[in-house]
$ cat structure_1.csv   # CSV, N, CA and C atoms
chain,number,residue,atom,x,y,z
A,700,MET,N,-63.5,-60.5,38.5
A,700,MET,CA,-62.7,-59.3,38.4
A,700,MET,C,-63.2,-58.2,39.3
A,701,PRO,N,-62.4,-57.7,40.2
A,701,PRO,CA,-62.9,-56.7,41.1
A,701,PRO,C,-63.2,-55.4,40.4
A,702,LEU,N,-64.0,-54.6,41.1
A,702,LEU,CA,-64.5,-53.3,40.6
A,702,LEU,C,-63.3,-52.4,40.2
A,703,TYR,N,-62.3,-52.4,41.1
A,703,TYR,CA,-61.1,-51.7,40.9
A,703,TYR,C,-60.0,-52.6,40.3
A,704,SER,N,-59.9,-52.6,39.0
A,704,SER,CA,-59.0,-53.6,38.4
A,704,SER,C,-57.7,-52.9,37.9
A,705,ALA,N,-57.5,-51.6,38.1
A,705,ALA,CA,-56.3,-51.0,37.7
A,705,ALA,C,-55.2,-51.4,38.6
A,706,GLN,N,-54.0,-51.5,38.1
A,706,GLN,CA,-52.8,-51.9,38.9
A,706,GLN,C,-52.2,-50.8,39.7
A,707,ALA,N,-51.8,-51.2,40.9
A,707,ALA,CA,-51.1,-50.3,41.8
A,707,ALA,C,-49.7,-50.0,41.1
A,708,THR,N,-49.2,-48.8,41.2
A,708,THR,CA,-47.9,-48.5,40.6
A,708,THR,C,-46.8,-48.7,41.6
A,709,GLN,N,-47.1,-48.9,42.9
A,709,GLN,CA,-46.1,-49.1,43.9
A,709,GLN,C,-46.4,-50.4,44.6
A,710,ASP,N,-45.3,-51.0,45.2
A,710,ASP,CA,-45.4,-52.2,46.0
A,710,ASP,C,-46.2,-51.9,47.3
A,711,PRO,N,-47.3,-52.5,47.5
A,711,PRO,CA,-48.1,-52.3,48.7
A,711,PRO,C,-47.3,-52.5,50.0
A,712,GLU,N,-46.5,-53.6,50.0
A,712,GLU,CA,-45.7,-53.9,51.2
A,712,GLU,C,-44.7,-52.8,51.5
A,713,ALA,N,-44.1,-52.3,50.5
A,713,ALA,CA,-43.1,-51.2,50.6
A,713,ALA,C,-43.8,-49.9,51.1
A,714,VAL,N,-44.9,-49.6,50.6
A,714,VAL,CA,-45.6,-48.4,51.0
A,714,VAL,C,-46.1,-48.5,52.4
A,715,TYR,N,-46.6,-49.7,52.8
A,715,TYR,CA,-47.1,-50.0,54.1
A,715,TYR,C,-45.9,-49.7,55.1
A,716,ASN,N,-44.8,-50.3,54.8
A,716,ASN,CA,-43.6,-50.2,55.6
A,716,ASN,C,-43.1,-48.8,55.7
A,717,ARG,N,-43.2,-48.0,54.6
A,717,ARG,CA,-42.7,-46.7,54.6
A,717,ARG,C,-43.6,-45.7,55.2
A,718,VAL,N,-44.9,-45.8,55.1
A,718,VAL,CA,-45.9,-44.8,55.5
A,718,VAL,C,-46.9,-45.3,56.5
A,719,CYS,N,-47.7,-46.4,56.1
A,719,CYS,CA,-48.9,-46.8,56.8
A,719,CYS,C,-48.6,-47.4,58.1
A,720,GLY,N,-47.5,-48.2,58.2
A,720,GLY,CA,-47.2,-48.9,59.4
A,720,GLY,C,-47.0,-48.0,60.6
A,721,ALA,N,-46.6,-46.8,60.4
A,721,ALA,CA,-46.4,-45.9,61.5
A,721,ALA,C,-47.7,-45.8,62.4
A,722,CYS,N,-48.8,-45.9,61.8
A,722,CYS,CA,-50.1,-45.8,62.6
A,722,CYS,C,-50.8,-47.1,62.7
A,723,HIS,N,-50.7,-48.0,61.6
A,723,HIS,CA,-51.5,-49.2,61.5
A,723,HIS,C,-50.8,-50.4,62.1
A,724,SER,N,-49.7,-50.2,62.9
A,724,SER,CA,-49.1,-51.4,63.5
A,724,SER,C,-49.2,-51.4,65.0
A,725,GLY,N,-50.2,-50.7,65.5
A,725,GLY,CA,-50.5,-50.7,67.0
A,725,GLY,C,-50.3,-49.5,67.7
A,726,GLN,N,-49.6,-48.5,67.2
A,726,GLN,CA,-49.3,-47.3,67.9
A,726,GLN,C,-50.5,-46.4,68.2
A,727,LEU,N,-51.4,-46.4,67.2
A,727,LEU,CA,-52.7,-45.6,67.4
A,727,LEU,C,-53.8,-46.6,67.6
A,728,PRO,N,-54.5,-46.5,68.7
A,728,PRO,CA,-55.6,-47.5,69.0
A,728,PRO,C,-56.8,-47.4,68.0
A,729,MET,N,-57.0,-46.2,67.4
A,729,MET,CA,-58.1,-46.0,66.5
A,729,MET,C,-57.8,-46.5,65.1
A,730,ALA,N,-56.5,-46.7,64.8
A,730,ALA,CA,-56.1,-47.2,63.4
A,730,ALA,C,-56.1,-48.7,63.4
A,731,PRO,N,-57.0,-49.3,62.5
A,731,PRO,CA,-57.0,-50.7,62.5
A,731,PRO,C,-55.7,-51.3,62.1
A,732,GLU,N,-55.3,-52.3,62.9
A,732,GLU,CA,-54.0,-53.0,62.6
A,732,GLU,C,-54.0,-53.9,61.4
A,733,ARG,N,-52.9,-54.1,60.8
A,733,ARG,CA,-52.8,-55.0,59.7
A,733,ARG,C,-53.2,-56.4,60.2
A,734,GLY,N,-54.1,-57.0,59.4
A,734,GLY,CA,-54.5,-58.4,59.7
A,734,GLY,C,-55.6,-58.5,60.8
A,735,ASP,N,-56.0,-57.4,61.4
A,735,ASP,CA,-57.1,-57.5,62.4
A,735,ASP,C,-58.4,-57.6,61.7
A,736,GLN,N,-58.9,-58.8,61.5
A,736,GLN,CA,-60.2,-59.0,60.8
A,736,GLN,C,-61.3,-58.4,61.5
A,737,GLU,N,-61.4,-58.4,62.8
A,737,GLU,CA,-62.5,-57.8,63.6
A,737,GLU,C,-62.6,-56.3,63.3
A,738,ALA,N,-61.4,-55.6,63.2
A,738,ALA,CA,-61.4,-54.2,63.0
A,738,ALA,C,-61.7,-53.9,61.5
A,739,TRP,N,-61.2,-54.7,60.6
A,739,TRP,CA,-61.4,-54.4,59.1
A,739,TRP,C,-62.7,-54.8,58.5
A,740,THR,N,-63.4,-55.8,59.1
A,740,THR,CA,-64.6,-56.3,58.5
A,740,THR,C,-65.7,-55.2,58.3
A,741,PRO,N,-66.0,-54.4,59.4
A,741,PRO,CA,-67.0,-53.4,59.2
A,741,PRO,C,-66.5,-52.2,58.3
A,742,ARG,N,-65.2,-52.0,58.2
A,742,ARG,CA,-64.7,-51.0,57.3
A,742,ARG,C,-64.9,-51.4,55.9
A,743,LEU,N,-64.5,-52.7,55.6
A,743,LEU,CA,-64.6,-53.2,54.2
A,743,LEU,C,-66.1,-53.3,53.8
A,744,ALA,N,-67.0,-53.4,54.7
A,744,ALA,CA,-68.4,-53.5,54.4
A,744,ALA,C,-68.9,-52.1,53.8
A,745,LYS,N,-68.2,-51.1,54.1
A,745,LYS,CA,-68.6,-49.7,53.6
A,745,LYS,C,-68.2,-49.6,52.1
A,746,GLY,N,-67.4,-50.5,51.6
A,746,GLY,CA,-67.1,-50.5,50.2
A,746,GLY,C,-65.7,-49.9,49.9
A,747,MET,N,-65.0,-50.4,49.0
A,747,MET,CA,-63.6,-50.0,48.7
A,747,MET,C,-63.6,-48.5,48.3
A,748,GLY,N,-64.6,-48.1,47.5
A,748,GLY,CA,-64.7,-46.7,47.1
A,748,GLY,C,-64.7,-45.7,48.3
A,749,THR,N,-65.5,-46.1,49.3
A,749,THR,CA,-65.6,-45.3,50.5
A,749,THR,C,-64.2,-45.3,51.2
A,750,LEU,N,-63.6,-46.4,51.4
A,750,LEU,CA,-62.3,-46.5,52.1
A,750,LEU,C,-61.3,-45.7,51.4
A,751,VAL,N,-61.2,-45.8,50.0
A,751,VAL,CA,-60.2,-45.0,49.3
A,751,VAL,C,-60.5,-43.5,49.4
A,752,GLN,N,-61.8,-43.1,49.4
A,752,GLN,CA,-62.1,-41.7,49.7
A,752,GLN,C,-61.7,-41.3,51.0
A,753,HIS,N,-61.9,-42.1,52.1
A,753,HIS,CA,-61.5,-41.7,53.4
A,753,HIS,C,-60.0,-41.5,53.5
A,754,VAL,N,-59.2,-42.4,52.8
A,754,VAL,CA,-57.7,-42.2,52.8
A,754,VAL,C,-57.4,-40.9,52.1
A,755,THR,N,-58.0,-40.7,50.9
A,755,THR,CA,-57.6,-39.5,50.1
A,755,THR,C,-58.0,-38.2,50.8
A,756,GLN,N,-59.2,-38.1,51.3
A,756,GLN,CA,-59.6,-36.9,51.9
A,756,GLN,C,-59.3,-36.7,53.4
A,757,GLY,N,-58.9,-37.8,54.0
A,757,GLY,CA,-58.7,-37.8,55.5
A,757,GLY,C,-60.1,-38.2,56.1
A,758,PHE,N,-60.0,-38.9,57.2
A,758,PHE,CA,-61.2,-39.4,57.9
A,758,PHE,C,-60.8,-39.6,59.4
A,759,LYS,N,-61.5,-38.9,60.3
A,759,LYS,CA,-61.3,-39.0,61.7
A,759,LYS,C,-59.8,-38.7,61.9
A,760,ALA,N,-59.0,-39.7,62.5
A,760,ALA,CA,-57.6,-39.4,62.8
A,760,ALA,C,-56.7,-39.6,61.5
A,761,MET,N,-57.3,-40.2,60.5
A,761,MET,CA,-56.5,-40.5,59.2
A,761,MET,C,-56.2,-39.1,58.5
A,762,PRO,N,-54.9,-38.8,58.4
A,762,PRO,CA,-54.6,-37.6,57.7
A,762,PRO,C,-54.8,-37.7,56.2
A,763,PRO,N,-55.1,-36.6,55.5
A,763,PRO,CA,-55.4,-36.6,54.1
A,763,PRO,C,-54.2,-37.4,53.4
A,764,ARG,N,-54.6,-38.2,52.4
A,764,ARG,CA,-53.7,-39.0,51.6
A,764,ARG,C,-52.9,-40.0,52.5
A,765,GLY,N,-53.3,-40.2,53.7
A,765,GLY,CA,-52.5,-41.1,54.6
A,765,GLY,C,-51.1,-40.8,54.7
A,766,LEU,N,-50.7,-39.5,54.4
A,766,LEU,CA,-49.4,-39.0,54.3
A,766,LEU,C,-48.5,-39.7,53.2
A,767,CYS,N,-49.2,-40.3,52.3
A,767,CYS,CA,-48.5,-40.9,51.1
A,767,CYS,C,-48.9,-40.0,49.9
A,768,MET,N,-48.1,-39.0,49.7
A,768,MET,CA,-48.4,-38.0,48.7
A,768,MET,C,-48.2,-38.5,47.3
A,769,ASP,N,-47.5,-39.6,47.1
A,769,ASP,CA,-47.3,-40.1,45.7
A,769,ASP,C,-48.1,-41.3,45.5
A,770,CYS,N,-49.1,-41.6,46.3
A,770,CYS,CA,-49.9,-42.8,46.1
A,770,CYS,C,-51.1,-42.5,45.3
A,771,SER,N,-51.5,-43.4,44.4
A,771,SER,CA,-52.7,-43.3,43.5
A,771,SER,C,-53.8,-44.0,44.2
A,772,ALA,N,-55.0,-43.8,43.7
A,772,ALA,CA,-56.2,-44.6,44.2
A,772,ALA,C,-55.9,-46.1,44.2
A,773,GLU,N,-55.3,-46.5,43.1
A,773,GLU,CA,-55.0,-48.0,43.0
A,773,GLU,C,-54.0,-48.4,44.0
A,774,ASP,N,-53.0,-47.5,44.3
A,774,ASP,CA,-52.1,-47.9,45.4
A,774,ASP,C,-52.8,-48.0,46.7
A,775,TYR,N,-53.7,-47.0,47.0
A,775,TYR,CA,-54.5,-47.1,48.3
A,775,TYR,C,-55.3,-48.4,48.4
A,776,GLN,N,-55.9,-48.8,47.3
A,776,GLN,CA,-56.7,-50.0,47.3
A,776,GLN,C,-55.8,-51.2,47.6
A,777,ALA,N,-54.7,-51.3,46.9
A,777,ALA,CA,-53.8,-52.4,47.1
A,777,ALA,C,-53.3,-52.5,48.6
A,778,ILE,N,-53.1,-51.3,49.2
A,778,ILE,CA,-52.6,-51.3,50.6
A,778,ILE,C,-53.7,-51.6,51.5
A,779,ILE,N,-54.9,-51.2,51.2
A,779,ILE,CA,-56.1,-51.6,52.1
A,779,ILE,C,-56.3,-53.1,52.0
A,780,LEU,N,-56.2,-53.7,50.8
A,780,LEU,CA,-56.3,-55.1,50.7
A,780,LEU,C,-55.2,-55.8,51.5
A,781,LEU,N,-54.0,-55.3,51.4
A,781,LEU,CA,-52.9,-55.9,52.2
A,781,LEU,C,-53.2,-55.8,53.7
A,782,MET,N,-53.6,-54.7,54.1
A,782,MET,CA,-53.8,-54.5,55.6
A,782,MET,C,-55.0,-55.3,56.1
A,783,SER,N,-56.0,-55.5,55.3
A,783,SER,CA,-57.2,-56.1,55.7
A,783,SER,C,-57.1,-57.6,55.6
A,784,ALA,N,-56.1,-58.2,54.9
A,784,ALA,CA,-56.0,-59.6,54.8
A,784,ALA,C,-55.6,-60.2,56.1
A,785,SER,N,-55.9,-61.5,56.3
A,785,SER,CA,-55.6,-62.2,57.5
A,785,SER,C,-54.1,-62.3,57.7
A,786,LYS,N,-53.8,-62.3,59.0
A,786,LYS,CA,-52.3,-62.4,59.3
A,786,LYS,C,-51.9,-63.8,58.9
A,787,PRO,N,-50.7,-63.8,58.3
A,787,PRO,CA,-50.2,-65.2,57.9
A,787,PRO,C,-50.0,-66.1,59.1
A,788,GLY,N,-50.2,-67.3,58.9
A,788,GLY,CA,-50.1,-68.3,60.0
A,788,GLY,C,-48.6,-68.5,60.4
A,789,PRO,N,-48.4,-69.3,61.4
A,789,PRO,CA,-47.0,-69.6,61.9
A,789,PRO,C,-46.2,-70.4,60.9
$ encode --input "structure_1.csv" --output "structure tokens"
Amino acid sequence: MPLYSAQATQDPEAVYNRVCGACHSGQLPMAPERGDQEAWTPRLAKGMGTLVQHVTQGFKAMPPRGLCMDCSAEDYQAIILLMSASKPGP
């Protein structure tokens, strides 16, 4: 059971498409792209708590709350897991 076991209240895919994809689908070179294991591995090594804090407070080019004003910490965690997962194969 993961440390963060609370359920996200929103569908991570829908939130990614609505908010996160604007920066995390290649438009901003400093924003790790969805499925980019090389970019996500060192970030995940910092721990989920740190990553959620970075999204909530803003970090470098990441705006506070990732511009998702109705996202909970659990939503952020679910979206981070979605974005850091391997890209699906062909």
$ closest_residue --input "structure_1.csv" --among "A:Val714, A:Ala707, A:Ala721, A:Leu780" --to "Met761 in chain A" --atoms "only C-alpha atoms"
A:Ala721
$ closest_residue --input "structure_1.csv" --among "A:Val718, A:Ala760, A:Val751, A:Ala713" --to "Ala730 in chain A" --atoms "only C-alpha atoms"
A:Ala760
$ atom_distance --input "structure_1.csv" --atom1 "CA of Cys770 in chain A" --atom2 "CA of Gly757 in chain A"
13.8 Å
$ atom_distance --input "structure_1.csv" --atom1 "CA of Arg764 in chain A" --atom2 "CA of Leu781 in chain A"
16.9 Å
$ atom_distance --input "structure_1.csv" --atom1 "CA of Gln752 in chain A" --atom2 "CA of Tyr775 in chain A"
9.4 Å
$ decode --input "structure_1.csv" --residues "range 722-739 of chain A" --atoms "N, CA, C and O atoms" --output "mmCIF file, in the first residue's frame"
data_model
loop_
_atom_site.group_PDB
_atom_site.id
_atom_site.type_symbol
_atom_site.label_atom_id
_atom_site.label_comp_id
_atom_site.auth_asym_id
_atom_site.auth_seq_id
_atom_site.Cartn_x
_atom_site.Cartn_y
_atom_site.Cartn_z
ATOM 1 N N CYS A 722 1.705 22.262 -20.621
ATOM 2 C CA CYS A 722 3.150 22.415 -20.427
ATOM 3 C C CYS A 722 3.907 21.085 -20.523
ATOM 4 O O CYS A 722 5.075 21.067 -20.909
ATOM 5 N N HIS A 723 3.252 19.979 -20.141
ATOM 6 C CA HIS A 723 3.946 18.693 -20.033
ATOM 7 C C HIS A 723 3.833 17.817 -21.272
ATOM 8 O O HIS A 723 4.062 16.616 -21.192
ATOM 9 N N SER A 724 3.473 18.403 -22.422
ATOM 10 C CA SER A 724 3.431 17.596 -23.648
ATOM 11 C C SER A 724 4.442 18.103 -24.674
ATOM 12 O O SER A 724 4.296 17.870 -25.857
ATOM 13 N N GLY A 725 5.470 18.795 -24.209
ATOM 14 C CA GLY A 725 6.583 19.174 -25.065
ATOM 15 C C GLY A 725 6.718 20.657 -25.363
ATOM 16 O O GLY A 725 7.722 21.067 -25.918
ATOM 17 N N GLN A 726 5.742 21.466 -24.991
ATOM 18 C CA GLN A 726 5.826 22.896 -25.295
ATOM 19 C C GLN A 726 6.887 23.610 -24.471
ATOM 20 O O GLN A 726 7.476 24.567 -24.930
ATOM 21 N N LEU A 727 7.078 23.190 -23.238
ATOM 22 C CA LEU A 727 8.091 23.808 -22.374
ATOM 23 C C LEU A 727 9.216 22.808 -22.128
ATOM 24 O O LEU A 727 8.999 21.764 -21.529
ATOM 25 N N PRO A 728 10.429 23.123 -22.573
ATOM 26 C CA PRO A 728 11.522 22.154 -22.449
ATOM 27 C C PRO A 728 11.863 21.787 -21.012
ATOM 28 O O PRO A 728 12.359 20.693 -20.768
ATOM 29 N N MET A 729 11.564 22.665 -20.038
ATOM 30 C CA MET A 729 11.916 22.338 -18.656
ATOM 31 C C MET A 729 10.849 21.504 -17.948
ATOM 32 O O MET A 729 11.086 20.980 -16.881
ATOM 33 N N ALA A 730 9.665 21.366 -18.553
ATOM 34 C CA ALA A 730 8.593 20.560 -17.958
ATOM 35 C C ALA A 730 8.735 19.123 -18.446
ATOM 36 O O ALA A 730 8.704 18.881 -19.650
ATOM 37 N N PRO A 731 8.910 18.174 -17.529
ATOM 38 C CA PRO A 731 9.091 16.786 -17.976
ATOM 39 C C PRO A 731 7.845 16.285 -18.706
ATOM 40 O O PRO A 731 6.728 16.442 -18.231
ATOM 41 N N GLU A 732 8.069 15.683 -19.869
ATOM 42 C CA GLU A 732 6.957 15.185 -20.668
ATOM 43 C C GLU A 732 6.383 13.909 -20.067
ATOM 44 O O GLU A 732 7.079 13.138 -19.399
ATOM 45 N N ARG A 733 5.120 13.712 -20.335
ATOM 46 C CA ARG A 733 4.446 12.490 -19.910
ATOM 47 C C ARG A 733 5.160 11.289 -20.518
ATOM 48 O O ARG A 733 5.424 11.246 -21.718
ATOM 49 N N GLY A 734 5.492 10.328 -19.673
ATOM 50 C CA GLY A 734 6.123 9.098 -20.131
ATOM 51 C C GLY A 734 7.626 9.160 -20.315
ATOM 52 O O GLY A 734 8.245 8.169 -20.663
ATOM 53 N N ASP A 735 8.251 10.307 -20.062
ATOM 54 C CA ASP A 735 9.699 10.461 -20.242
ATOM 55 C C ASP A 735 10.409 9.962 -18.989
ATOM 56 O O ASP A 735 10.647 10.711 -18.040
ATOM 57 N N GLN A 736 10.758 8.681 -18.997
ATOM 58 C CA GLN A 736 11.362 8.046 -17.826
ATOM 59 C C GLN A 736 12.660 8.722 -17.406
ATOM 60 O O GLN A 736 12.913 8.876 -16.215
ATOM 61 N N GLU A 737 13.469 9.147 -18.364
ATOM 62 C CA GLU A 737 14.742 9.789 -18.052
ATOM 63 C C GLU A 737 14.519 11.087 -17.275
ATOM 64 O O GLU A 737 15.265 11.403 -16.351
ATOM 65 N N ALA A 738 13.494 11.833 -17.637
ATOM 66 C CA ALA A 738 13.203 13.093 -16.947
ATOM 67 C C ALA A 738 12.522 12.860 -15.600
ATOM 68 O O ALA A 738 12.765 13.599 -14.648
ATOM 69 N N TRP A 739 11.665 11.852 -15.512
ATOM 70 C CA TRP A 739 10.888 11.639 -14.282
ATOM 71 C C TRP A 739 11.651 10.905 -13.181
ATOM 72 O O TRP A 739 11.404 11.141 -11.998
#
